[in-house]
Amino acid sequence: MAAPAAPDRVERIVIENCSIATVDAADTEYASGHVVVAGNRIESVGAGRAPAGLENVVRRIDGTGHLVTPGLINTHHHFYQWITRGLATDNNLFDWLVALYPTWARVDEPMARAAAQGSLAMMALGGVTTAMDHHYVYPKGSGDLSGAIIGAARDLGVRFTLARGSMDRSEKDGGLPPDFAVETLEGALAATEATVDTYHDTSFDAMTQVAVAPCSPFSVSTELMRQGAELARRKGVRLHTHGSETVEEEKFCHELFGMGPTDYFESTGWLGDDVWMAHCVHMNDSDIAAFARTGTGVAHCPSSNARLAAGIARVPDMLAAGVPVGLGVDGTASNESGELHTELRNALLINRLGPHRERALNARQALRLGTYGGAQVLGRAAQTGSLEAGKLADLVLWKLDTLAHASIADPVTALVFGAAAPVTLSLVDGKPVVESGRLVTGDEDAIARATRDEARRLAQIAAGA
């Protein structure tokens with residue numbers, strides 16, 4: 001990594017007169033403060049105006065009427081599903097998978113790239129600065145899907161983790177995917193290792209990282225789970241999969257393995273502070289204690305869980321036990337909006353339907369889930385997730401002085417409880433990605449056309465299969 005520019009030569013961006021929610025360990029907030037960005041790092045955050053005499057200030061922003069927060073961090077997604085939105089809208093998880101796998105199994109490289117662009121653009125417009133994609137469908141002859149997805153993230157300038165997924169348990173083995181949609185054990189492991197070797201960046205300001213991510217207990221062999229964990233730890237990367245999403249999954253694990261999902265994960269090496277699981281809806285006290293004991297993280301996906309009638313995850317109990325929890329959009333075939341701000345609000349509201357009622361979550365806890373909590377589960381809390389000097393300049397300037405929020409005095413309450421707030425500026429690595437509500441790193445109209453075209457082509461291929 002190149003040495004950072006000397007302080008007297010680095011270009012600075014100054015944001016002043018704004019409310020600030022730092023989401024640091026003390027939840028420090030400023031009613032009117034400043035943020036100074038120097039290169040790709042946050043140089044200072046504090047009350048009042050920025051320090052006088054700063055050199056090389058290339059941009060000075062009056063943030064009156066705005067709230068600055070860390071950029072939102074998405075911890076679970078399936079980008080390819082962008083081109084299969086609006087299908088199987090009244091199904092539970094297993095029926096939904098059976099209905100859509102035959103279509104998903106025909107995704108190719110141009111489709112994957114267009115879907116990734118659509119997914120990333122939508123998230124960026126809604127304040128996401130760090131995204132991840134759990135891609136696990138690699139049909140034979142489909143091209144370089146991982147390269148297409150990573151290329152889309154690079155082009156749009158979003159910090160990114162590819163969770164390189166895999167499946168080797170097809171219909172003939174008692175799984176759900178069609179036989180032609182899965183890889184062999186050896187092929188999946190080799191391709192995953194090659195993806196890590198090619199793309200994973202260990203530097204502090206890495207824009208691309210890779211995790212090892214077999215899909216789920218019901219689409220992956222025990223040997224792929226075990227060897228996948230061994231591969232990840234040999235390579236020093238994180239591990240991701242789906243866990244405890246539905247009661248049907250729990251029944252499946254008991255019937256096939258003689259134990260529940262959490263015990264099964266532990267038996268295969270899949271609990272630890274380098275692991276995060278998507279969903280974790282059906283967790284008992286023992287499961288939560290095991291996650292807390294091992295530091296295993298959770299990607300909470302409230303909209304998808306509701307869409308598929310999976311249930312309400314015990315997020316307040318997880319947080320009380322010390323489990324790291326972030327938020328996830330999940331694939332847009334089970335969350336058609338595809339943006340993370342919705343998850344801040346839905347995490348709060350849906351959890352208040354549970355046993356903790358109004359004490360389940362508050363606005364600041366929801367914001368923490370979407371920022372610092374996400375950084376924790378992706379293993380990047382030292383670099384991003386809060387506004388602190390020395391951290392990466394990944395931040396969002398939310399406009400809160402329009403009709404939608406004008407009568408809400410507390411800016412964090414306005415952001416979380418209120419309508420989706422417009423993004424005036426989003427910086428990733430100190431560079432603008434969104435300005436005045438528009439994507440500056442890509443052509444939104446062209447992306448929309450490409451995703452429509454690829455969705456139509458996929459539907460035609462699936463219909464003729």
# chains A, B, ... in the order shown; residues from 1 in each chain; ligands from 1

$ residues_around --residues "segment 70-84 of chain A" --least-positions-apart "5" --cutoff "7 Å" --atoms "only C-alpha atoms" --output "number ranges by chain"
A: 22, 112, 115-116, 118-119, 127-135, 278, 299, 326-333, 340, 370-371, 374-375, 378, 385-387, 394-396, 451, 454-455

$ write_last_selection --atoms "N, CA and C atoms" --output "tab-separated table (two decimals), in the first residue's frame"
chain	number	residue	atom	x	y	z
A	22	THR	N	-21.86	10.11	15.64
A	22	THR	CA	-20.59	9.44	15.32
A	22	THR	C	-20.70	7.92	15.40
A	112	ALA	N	-25.22	-11.38	-14.27
A	112	ALA	CA	-24.65	-11.14	-12.94
A	112	ALA	C	-24.11	-9.72	-12.82
A	115	ALA	N	-27.13	-7.23	-12.73
A	115	ALA	CA	-27.83	-7.33	-11.44
A	115	ALA	C	-27.00	-6.73	-10.32
A	116	ALA	N	-25.69	-6.94	-10.37
A	116	ALA	CA	-24.81	-6.34	-9.35
A	116	ALA	C	-24.84	-4.82	-9.44
A	118	GLY	N	-27.31	-2.95	-10.56
A	118	GLY	CA	-28.59	-2.49	-10.04
A	118	GLY	C	-28.65	-2.54	-8.53
A	119	SER	N	-28.20	-3.65	-7.96
A	119	SER	CA	-28.22	-3.81	-6.50
A	119	SER	C	-27.34	-2.77	-5.82
A	127	GLY	N	-27.57	5.39	0.90
A	127	GLY	CA	-26.60	5.63	1.97
A	127	GLY	C	-25.66	4.50	2.30
A	128	VAL	N	-25.65	3.42	1.53
A	128	VAL	CA	-24.72	2.31	1.78
A	128	VAL	C	-23.35	2.67	1.20
A	129	THR	N	-22.31	2.51	2.02
A	129	THR	CA	-20.94	2.73	1.56
A	129	THR	C	-20.13	1.45	1.54
A	130	THR	N	-20.54	0.45	2.31
A	130	THR	CA	-19.91	-0.88	2.28
A	130	THR	C	-20.98	-1.92	2.04
A	131	ALA	N	-20.78	-2.74	1.03
A	131	ALA	CA	-21.77	-3.75	0.67
A	131	ALA	C	-21.11	-5.12	0.65
A	132	MET	N	-21.96	-6.15	0.67
A	132	MET	CA	-21.46	-7.50	0.45
A	132	MET	C	-22.45	-8.25	-0.42
A	133	ASP	N	-21.95	-9.28	-1.09
A	133	ASP	CA	-22.81	-10.13	-1.90
A	133	ASP	C	-22.48	-11.58	-1.62
A	134	HIS	N	-23.50	-12.35	-1.22
A	134	HIS	CA	-23.35	-13.79	-1.04
A	134	HIS	C	-23.81	-14.44	-2.34
A	135	HIS	N	-22.86	-14.71	-3.22
A	135	HIS	CA	-23.21	-15.33	-4.50
A	135	HIS	C	-22.80	-16.81	-4.47
A	278	ALA	N	-26.40	-15.33	8.27
A	278	ALA	CA	-27.57	-14.56	7.87
A	278	ALA	C	-28.82	-15.10	8.54
A	299	ALA	N	-26.28	-11.38	10.61
A	299	ALA	CA	-26.83	-10.40	9.67
A	299	ALA	C	-28.34	-10.47	9.78
A	326	GLY	N	-25.39	-7.03	12.64
A	326	GLY	CA	-25.51	-6.00	11.61
A	326	GLY	C	-26.81	-6.19	10.86
A	327	LEU	N	-27.04	-5.35	9.86
A	327	LEU	CA	-28.27	-5.42	9.07
A	327	LEU	C	-27.97	-5.89	7.66
A	328	GLY	N	-28.97	-6.57	7.07
A	328	GLY	CA	-28.85	-7.03	5.69
A	328	GLY	C	-30.10	-6.75	4.89
A	329	VAL	N	-29.91	-6.37	3.63
A	329	VAL	CA	-31.03	-6.22	2.71
A	329	VAL	C	-31.59	-7.60	2.35
A	330	ASP	N	-30.72	-8.58	2.19
A	330	ASP	CA	-30.99	-9.89	1.61
A	330	ASP	C	-31.28	-9.72	0.13
A	331	GLY	N	-31.40	-10.80	-0.57
A	331	GLY	CA	-31.62	-10.72	-2.00
A	331	GLY	C	-32.92	-10.01	-2.33
A	332	THR	N	-32.92	-9.31	-3.47
A	332	THR	CA	-34.09	-8.51	-3.81
A	332	THR	C	-35.23	-9.33	-4.41
A	333	ALA	N	-35.08	-10.64	-4.48
A	333	ALA	CA	-36.25	-11.48	-4.76
A	333	ALA	C	-37.05	-11.73	-3.49
A	340	LEU	N	-30.94	-0.24	2.22
A	340	LEU	CA	-30.75	-0.59	3.64
A	340	LEU	C	-31.45	0.35	4.60
A	370	GLY	N	-26.97	-0.70	11.69
A	370	GLY	CA	-26.72	-0.44	10.28
A	370	GLY	C	-25.37	0.13	9.96
A	371	THR	N	-24.57	0.45	10.98
A	371	THR	CA	-23.26	1.07	10.76
A	371	THR	C	-22.16	0.27	11.47
A	374	GLY	N	-22.59	-3.55	11.50
A	374	GLY	CA	-22.22	-4.14	10.22
A	374	GLY	C	-20.72	-4.25	10.05
A	375	ALA	N	-19.99	-3.21	10.47
A	375	ALA	CA	-18.53	-3.26	10.40
A	375	ALA	C	-17.98	-4.39	11.26
A	378	LEU	N	-18.48	-7.80	9.49
A	378	LEU	CA	-17.62	-7.95	8.33
A	378	LEU	C	-16.14	-7.91	8.69
A	385	GLY	N	-17.45	2.20	10.05
A	385	GLY	CA	-18.60	1.95	10.92
A	385	GLY	C	-18.87	3.02	11.95
A	386	SER	N	-17.91	3.93	12.17
A	386	SER	CA	-18.12	5.06	13.08
A	386	SER	C	-17.29	6.23	12.57
A	387	LEU	N	-17.66	7.43	13.00
A	387	LEU	CA	-16.94	8.64	12.59
A	387	LEU	C	-15.92	8.98	13.66
A	394	ASP	N	-15.77	7.09	5.03
A	394	ASP	CA	-17.01	6.51	4.49
A	394	ASP	C	-18.15	7.13	5.30
A	395	LEU	N	-18.87	8.08	4.73
A	395	LEU	CA	-19.88	8.79	5.51
A	395	LEU	C	-21.01	9.27	4.60
A	396	VAL	N	-22.12	9.64	5.24
A	396	VAL	CA	-23.30	10.08	4.51
A	396	VAL	C	-23.83	11.37	5.14
A	451	THR	N	-30.62	-3.78	-16.50
A	451	THR	CA	-31.25	-4.77	-15.63
A	451	THR	C	-32.59	-5.23	-16.19
A	454	GLU	N	-31.69	-7.68	-19.07
A	454	GLU	CA	-31.19	-8.97	-18.59
A	454	GLU	C	-32.27	-9.76	-17.86
A	455	ALA	N	-33.17	-9.08	-17.17
A	455	ALA	CA	-34.29	-9.77	-16.54
A	455	ALA	C	-35.18	-10.42	-17.60

$ select_by_dssp --residues "segment 20-235 of chain A" --states "strand (DSSP E or B)" --output "VMD selection string"
chain A and resid 20 to 21 29 to 38 41 to 47 57 to 62 66 to 70 72 to 74 128 to 135 159 to 166 208 to 214

$ residues_around --residues "Thr413 of chain A" --least-positions-apart "3" --cutoff "9 Å" --atoms "only C-alpha atoms" --output "PyMOL selection string"
chain A and resi 362-364+408-410+416-418

$ residues_around --residues "Val325 of chain A" --least-positions-apart "6" --cutoff "10 Å" --atoms "only C-alpha atoms" --output "CSV table (one decimal) with N, CA and C atoms, in the first residue's frame"
chain,number,residue,atom,x,y,z
A,75,THR,N,-24.8,-6.3,5.3
A,75,THR,CA,-24.0,-7.5,5.7
A,75,THR,C,-24.6,-8.8,5.1
A,276,TRP,N,-20.0,-15.0,10.4
A,276,TRP,CA,-21.3,-14.4,10.6
A,276,TRP,C,-22.3,-15.1,9.8
A,277,MET,N,-23.5,-15.2,10.3
A,277,MET,CA,-24.6,-16.0,9.8
A,277,MET,C,-25.7,-15.0,9.4
A,278,ALA,N,-26.4,-15.3,8.3
A,278,ALA,CA,-27.6,-14.6,7.9
A,278,ALA,C,-28.8,-15.1,8.5
A,296,THR,N,-19.6,-15.2,17.3
A,296,THR,CA,-20.2,-15.4,16.0
A,296,THR,C,-21.2,-14.3,15.7
A,297,GLY,N,-21.1,-13.7,14.5
A,297,GLY,CA,-22.0,-12.5,14.2
A,297,GLY,C,-23.3,-12.9,13.5
A,298,VAL,N,-24.2,-12.0,13.4
A,298,VAL,CA,-25.5,-12.2,12.8
A,298,VAL,C,-25.8,-11.0,11.8
A,299,ALA,N,-26.3,-11.4,10.6
A,299,ALA,CA,-26.8,-10.4,9.7
A,299,ALA,C,-28.3,-10.5,9.8
A,300,HIS,N,-28.9,-9.4,10.4
A,300,HIS,CA,-30.4,-9.4,10.6
A,300,HIS,C,-31.0,-8.8,9.4
A,315,VAL,N,-33.3,-10.2,18.2
A,315,VAL,CA,-32.2,-9.2,18.2
A,315,VAL,C,-31.9,-8.6,19.5
A,316,PRO,N,-33.0,-8.2,20.3
A,316,PRO,CA,-32.7,-7.6,21.6
A,316,PRO,C,-31.9,-8.6,22.5
A,318,MET,N,-30.0,-11.1,21.5
A,318,MET,CA,-28.7,-11.2,21.0
A,318,MET,C,-27.8,-10.1,21.4
A,319,LEU,N,-28.3,-8.8,21.3
A,319,LEU,CA,-27.5,-7.7,21.7
A,319,LEU,C,-27.2,-7.7,23.2
A,368,ARG,N,-26.9,2.0,15.0
A,368,ARG,CA,-25.7,1.2,15.3
A,368,ARG,C,-25.7,-0.1,14.5
A,369,LEU,N,-26.9,-0.8,14.5
A,369,LEU,CA,-26.9,-2.0,13.7
A,369,LEU,C,-26.5,-1.8,12.3
A,370,GLY,N,-27.0,-0.7,11.7
A,370,GLY,CA,-26.7,-0.4,10.3
A,370,GLY,C,-25.4,0.1,10.0
A,372,TYR,N,-21.9,0.6,12.7
A,372,TYR,CA,-20.9,-0.1,13.5
A,372,TYR,C,-21.1,-1.6,13.6
A,373,GLY,N,-22.3,-2.0,13.8
A,373,GLY,CA,-22.6,-3.4,13.9
A,373,GLY,C,-22.3,-4.2,12.6
A,374,GLY,N,-22.6,-3.5,11.5
A,374,GLY,CA,-22.2,-4.1,10.2
A,374,GLY,C,-20.7,-4.3,10.1
A,375,ALA,N,-20.0,-3.2,10.5
A,375,ALA,CA,-18.5,-3.3,10.4
A,375,ALA,C,-18.0,-4.4,11.3
A,376,GLN,N,-18.6,-4.6,12.4
A,376,GLN,CA,-18.1,-5.7,13.3
A,376,GLN,C,-18.3,-7.1,12.6
A,377,VAL,N,-19.4,-7.3,12.0
A,377,VAL,CA,-19.6,-8.7,11.5
A,377,VAL,C,-18.9,-8.9,10.2

$ closest_residue --among "A:Ala381, A:Met167, A:Val107, A:Cys253" --to "Pro214 of chain A" --atoms "only C-alpha atoms"
A:Met167

$ closest_residue --among "A:Leu54, A:Ala463, A:Cys301, A:Ala211" --to "Lys235 of chain A" --atoms "only C-alpha atoms"
A:Ala211

$ residues_around --residues "Leu308 of chain A" --least-positions-apart "6" --cutoff "9 Å" --atoms "only C-alpha atoms" --output "list in words"
Thr89, Asp90, Asn91, Asn92, Leu93, Trp96 and Ser334 of chain A

$ write_last_selection --atoms "all heavy atoms" --output "short mmCIF file (atom, residue, chain, number, x, y, z; two decimals), in the first residue's frame"
data_model
loop_
_atom_site.label_atom_id
_atom_site.label_comp_id
_atom_site.auth_asym_id
_atom_site.auth_seq_id
_atom_site.Cartn_x
_atom_site.Cartn_y
_atom_site.Cartn_z
N THR A 89 -44.35 -14.20 -4.76
CA THR A 89 -44.51 -13.22 -3.69
C THR A 89 -45.31 -13.74 -2.50
O THR A 89 -45.35 -13.07 -1.46
CB THR A 89 -45.21 -11.95 -4.23
OG1 THR A 89 -46.44 -12.32 -4.85
CG2 THR A 89 -44.32 -11.23 -5.22
N ASP A 90 -45.91 -14.90 -2.60
CA ASP A 90 -46.75 -15.41 -1.51
C ASP A 90 -46.28 -16.77 -1.01
O ASP A 90 -47.09 -17.59 -0.57
CB ASP A 90 -48.22 -15.48 -1.97
CG ASP A 90 -48.74 -14.15 -2.43
OD1 ASP A 90 -48.49 -13.15 -1.73
OD2 ASP A 90 -49.36 -14.08 -3.51
N ASN A 91 -44.97 -17.01 -1.05
CA ASN A 91 -44.40 -18.30 -0.68
C ASN A 91 -43.53 -18.19 0.56
O ASN A 91 -42.92 -17.15 0.81
CB ASN A 91 -43.52 -18.84 -1.82
CG ASN A 91 -44.31 -19.21 -3.06
OD1 ASN A 91 -45.29 -18.55 -3.38
ND2 ASN A 91 -43.89 -20.24 -3.75
N ASN A 92 -43.44 -19.29 1.31
CA ASN A 92 -42.46 -19.36 2.38
C ASN A 92 -41.10 -19.71 1.77
O ASN A 92 -40.98 -19.92 0.55
CB ASN A 92 -42.86 -20.36 3.46
CG ASN A 92 -42.90 -21.81 2.96
OD1 ASN A 92 -42.21 -22.18 2.03
ND2 ASN A 92 -43.72 -22.62 3.60
N LEU A 93 -40.05 -19.77 2.59
CA LEU A 93 -38.69 -19.88 2.07
C LEU A 93 -38.52 -21.10 1.17
O LEU A 93 -38.05 -20.98 0.03
CB LEU A 93 -37.68 -19.94 3.22
CG LEU A 93 -36.23 -20.18 2.78
CD1 LEU A 93 -35.69 -19.00 1.99
CD2 LEU A 93 -35.34 -20.48 3.98
N TRP A 96 -40.48 -20.90 -2.04
CA TRP A 96 -39.90 -19.80 -2.82
C TRP A 96 -38.62 -20.25 -3.52
O TRP A 96 -38.41 -19.99 -4.72
CB TRP A 96 -39.65 -18.65 -1.86
CG TRP A 96 -38.98 -17.42 -2.35
CD1 TRP A 96 -39.53 -16.38 -3.04
CD2 TRP A 96 -37.61 -17.06 -2.12
NE1 TRP A 96 -38.59 -15.39 -3.25
CE2 TRP A 96 -37.41 -15.79 -2.69
CE3 TRP A 96 -36.54 -17.69 -1.47
CZ2 TRP A 96 -36.18 -15.14 -2.65
CZ3 TRP A 96 -35.33 -17.05 -1.42
CH2 TRP A 96 -35.15 -15.79 -2.01
N SER A 334 -36.51 -11.31 -2.33
CA SER A 334 -37.27 -11.39 -1.08
C SER A 334 -37.28 -10.05 -0.34
O SER A 334 -37.64 -9.98 0.82
CB SER A 334 -36.70 -12.48 -0.16
OG SER A 334 -35.40 -12.15 0.27
#

$ closest_residue --among "A:Ser407, A:Ser219, A:Thr268, A:Thr262" --to "Phe94 of chain A" --atoms "only C-alpha atoms"
A:Ser219

$ residues_around --residues "Gly157 of chain A" --least-positions-apart "4" --cutoff "12 Å" --atoms "only C-alpha atoms" --output "ChimeraX atom specification"
/A:117,120-121,124,128-131,150-153,206-208,394,426-434,439-442

$ atom_distance --atom1 "atom CA of Leu185 of chain A" --atom2 "atom CA of Thr202 of chain A"
26.7 Å
